[in-house]
Amino acid sequence: MALKEKLASVISRDARLRQAIAQLESGDDAVKGFKALGQLAQQGNVEAQYRTGKAYLEGWGTPPSLEDGTRWVRKAAEAGHVQARLTLATLYLIGFPEGFDENRATIMRDGKERKRVPDLEQAAHWSRLAANEGQPDAQALLGYVLTNGPESLRNPAEAREWYEKSASAGSAQGHLGLGMALHSDPKSPEDLARGTAELVQAADAGLATAFYFLAWINEQGIGQVQDLAAAARYFEKAAERGIVQAQTRFALYLLQGKGLARRPDRAETWLRRAALGGDAEAAALLGDLHIRGEEMAPNYLEAATWYQVAAELGHGAAARGLGLLYLTGTGVHRDPDEAARWFRVSAECGDRVADADLGNLALTGIGSEEGRVAMQKRFLQAAENGDLVGAFNVGVCYAEGVGTERDDARAAYWMQRAADGVVNAQYWLGRMYLEGRGVREDAGAAVQWLEKAAQARMTEAMILLAQLFVSGRVPKGRDHARALSLYVEAAQHGSVEAMFSAGAMLGGGHDVPVDRREAQRFFRLAAERGHALGQLMLGRYLKRGLAGEVNPVEARIWLERAQAQGVDEASPELAKLERRLGTRPGGQTPAH
């Protein structure tokens with residue numbers, strides 16, 4: 001072929017290539033453009049090969065095909081096309097699906113999702129070829145692989161050099177990589193300031209990761225003064241660009257009113273997006289939000305739904321929350337076995353509180369014997385590794401024969417191990433010394449351990465200790481004043497039994513000054529919380545005016561409530577009151 005004809009042929013091919021690209025990018029003639037590109041690619045035109053590969057990868061003018069796209073991009077890359085090399089490096093960085101073969105199209109057409117397997121060796125190879133040709137984004141990609149790749153590839157010093165070249169050429173990815181490199185290994189305060197400036201340039205180009213890192217820098221005050229308002233703005237921008245962790249973090253800012261006005265409604269929206277994006281913490285927070293209600297009514301069914309999402313993603317506290325909902329029948333049907341299952345999931349995630357909940361459930365006989373044996377073994381392993389909560393739990397198992405044969409001596413041994421740090425173990429150990437279970441009976445030691453638990457505000461220990469001081473089962477004999485102070489303190493912490501006992505002591509018959517007004521106040525506290533004997537005593541006080549107040553109508557109400565709970569002493573009190581009032585039970589006046 002003559003030179004003139006060859007030149008005309010080249011010009012013709014270039015014109016056809018430009019026309020095909022224009023048709024493909026216009027959208028109107030994309031199919032025609034793709035067909036023309038394919039013909040040129042078949043003829044060996046490297047640019048057409050690259051463009052054909054990109055068209056397959058992105059579905060321009062043809063159904064998308066990862067196999068065909070990769071095959072054509074590779075042809076162009078092997079022929080030296082710089083952008084093709086960058087694209088191929090990116091494909092290797094993202095990873096191809098397991099079993100992928102670019103020369104066999106069937107693997108991707110069965111509709112099944114496959115795990116992607118990155119190949120950072122190949123990503124480094126192809127990005128280095130493009131980086132050496134001066135491609136800025138390839139330089140940034142190579143820097144990333146040298147920073148985050150396997151040990152055999154990692155070279156932070158060389159990575160920083162490539163980031164510097166990429167950033168100098170104006171690549172947003174280069175600015176991002178350099179900013180992160182300067183912050184991860186700063187040599188001076190100036191490095192931190194420069195790193196932040198590089199991240200700002202990456203953010204100006206719209207990179208979501210840059211917004212996210214700038215948010216953390218402003219939140220933590222890294223190399224600068226803390227600025228929560230700026231952190232909130234950056235978290236929001238990262239959230240809008242799909243960074244799931246930023247969506248959760250921004251939601252927390254909205255919930256707490258950090259750096260911006262408090263907006264629980266907006267927080268709920270962002271938590272939903274993050275939870276649907278697979279963030280376990282966001283799903284757990286949604287459960288908490290619906291339990292509390294915030295500015296809306298509590299929705300326990302919704303809470304259970306989100307706790308389950310979080311639990312299935314491995315969130316231990318959410319699994320425990322779901323277990324509690326099933327245990328109490330809140331928002332879901334009551335199902336102790338399902339509760340035990342979720343407590344077990346939570347415990348396996350390392351939640352020590354769930355281990356205690358699971359132990360308590362096991363004491364009630366919930367769950368299978370196989371499950372209780374496995375639980376006891378897990379507690380024992382934790383205890384042998386020095387875990388104090390595990391030592392307490394395995395002590396309970398031995399004390400009650402849960403998952404193993406009852407062994408009081410072993411129970412006492414593990415309670416001793418746990419007692420230095422676990423309040424419940426102090427209480428149990430006090431009871432064991434009191435009863436002589438697994439140890440010799442020793443009231444002095446019992447009081448010592450119960451005092452420790454009481455000082456830690458454990459109401460059960462306060463009440464048992466008070467009972468010992470009332471009865472005199474302590475080395476120094478009775479101490480009713482001390483018993484009363486313990487009952488009053490336990491009552492202040494919400495113990496209904498202590499409220500009644502404090503009232504009983506103040507009502508007379510004990511070695512403390514009688515104060516029937518205060519006694520009536522404590523009886524009322526207990527009665528209002530459903531304590532049957534408290535209701536009886538409050539009814540008596542109001543009927544007889546023992547505290548100076550006579551109110552037969554209210555007295556009847558409380559006596560009827562006590563009677564309904566099976567308190568036999570309430571019936572004669574009611575009969576006398578009805579005769580005095582001239583009414584029948586239920587408040588009816590007799591007919592004349």
# chains A, B, ... in the order shown; residues from 1 in each chain; ligands from 1
call {"tool": "residues_around", "arguments": {"residues": "range 533-541 of chain A", "least_positions_apart": "3", "cutoff": "8 Å", "atoms": "only C-alpha atoms", "output": "ChimeraX atom specification"}}
result
/A:500,520,523-524,526-528,530,544-547,549-550,554-559,561-562,567,569-570,573
call {"tool": "residues_around", "arguments": {"residues": "Ile463 in chain A", "least_positions_apart": "5", "cutoff": "9 Å", "atoms": "only C-alpha atoms", "output": "list in words"}}
result
Ala454, Met458, Leu468, Ala483, Leu486, Tyr487, Ala490, Ser495, Glu497, Ala498 and Ser501 of chain A
call {"tool": "closest_residue", "arguments": {"among": "A:Val470, A:Leu66, A:Val373, A:Val200", "to": "Arg104 in chain A", "atoms": "only C-alpha atoms"}}
result
A:Leu66
call {"tool": "residues_around", "arguments": {"residues": "Ala419 in chain A", "least_positions_apart": "6", "cutoff": "10 Å", "atoms": "only C-alpha atoms", "output": "mmCIF file with N, CA and C atoms, in the first residue's frame"}}
result
data_model
loop_
_atom_site.group_PDB
_atom_site.id
_atom_site.type_symbol
_atom_site.label_atom_id
_atom_site.label_comp_id
_atom_site.auth_asym_id
_atom_site.auth_seq_id
_atom_site.Cartn_x
_atom_site.Cartn_y
_atom_site.Cartn_z
ATOM 1 N N LEU A 388 -13.262 -12.364 86.535
ATOM 2 C CA LEU A 388 -13.974 -12.402 87.812
ATOM 3 C C LEU A 388 -15.454 -12.693 87.643
ATOM 4 N N VAL A 389 -16.074 -12.123 86.579
ATOM 5 C CA VAL A 389 -17.490 -12.409 86.334
ATOM 6 C C VAL A 389 -17.664 -13.891 86.014
ATOM 7 N N ALA A 391 -15.756 -16.259 87.150
ATOM 8 C CA ALA A 391 -15.590 -16.981 88.419
ATOM 9 C C ALA A 391 -16.895 -16.962 89.220
ATOM 10 N N PHE A 392 -17.573 -15.805 89.248
ATOM 11 C CA PHE A 392 -18.856 -15.730 89.956
ATOM 12 C C PHE A 392 -19.884 -16.657 89.316
ATOM 13 N N ALA A 425 -20.809 -11.697 94.136
ATOM 14 C CA ALA A 425 -20.041 -12.773 94.770
ATOM 15 C C ALA A 425 -19.885 -12.498 96.263
ATOM 16 N N GLN A 426 -19.727 -11.244 96.630
ATOM 17 C CA GLN A 426 -19.632 -10.889 98.050
ATOM 18 C C GLN A 426 -20.923 -11.269 98.775
ATOM 19 N N TYR A 427 -22.046 -10.988 98.139
ATOM 20 C CA TYR A 427 -23.347 -11.325 98.729
ATOM 21 C C TYR A 427 -23.503 -12.833 98.880
ATOM 22 N N TRP A 428 -23.168 -13.567 97.806
ATOM 23 C CA TRP A 428 -23.290 -15.026 97.848
ATOM 24 C C TRP A 428 -22.366 -15.606 98.917
ATOM 25 N N LEU A 429 -21.155 -15.080 98.988
ATOM 26 C CA LEU A 429 -20.195 -15.601 99.961
ATOM 27 C C LEU A 429 -20.682 -15.335 101.385
ATOM 28 N N GLY A 430 -21.275 -14.153 101.591
ATOM 29 C CA GLY A 430 -21.854 -13.863 102.902
ATOM 30 C C GLY A 430 -22.922 -14.875 103.268
ATOM 31 N N TRP A 449 -18.571 -9.949 104.632
ATOM 32 C CA TRP A 449 -18.809 -9.937 103.180
ATOM 33 C C TRP A 449 -20.107 -9.213 102.825
ATOM 34 N N LYS A 452 -19.477 -5.514 102.779
ATOM 35 C CA LYS A 452 -18.836 -5.079 101.531
ATOM 36 C C LYS A 452 -19.875 -4.879 100.427
ATOM 37 N N ALA A 453 -20.768 -5.850 100.293
ATOM 38 C CA ALA A 453 -21.800 -5.755 99.251
ATOM 39 C C ALA A 453 -22.755 -4.607 99.547
#
call {"tool": "residues_around", "arguments": {"residues": "Gly287 in chain A", "least_positions_apart": "4", "cutoff": "12 Å", "atoms": "only C-alpha atoms", "output": "PyMOL selection string"}}
result
chain A and resi 268+271-272+275+280-283+291-294+298-311+315+317-322+325+331
call {"tool": "closest_residue", "arguments": {"among": "A:Ala76, A:Ala169, A:Leu120, A:Leu24", "to": "Ala41 in chain A", "atoms": "only C-alpha atoms"}}
result
A:Ala76
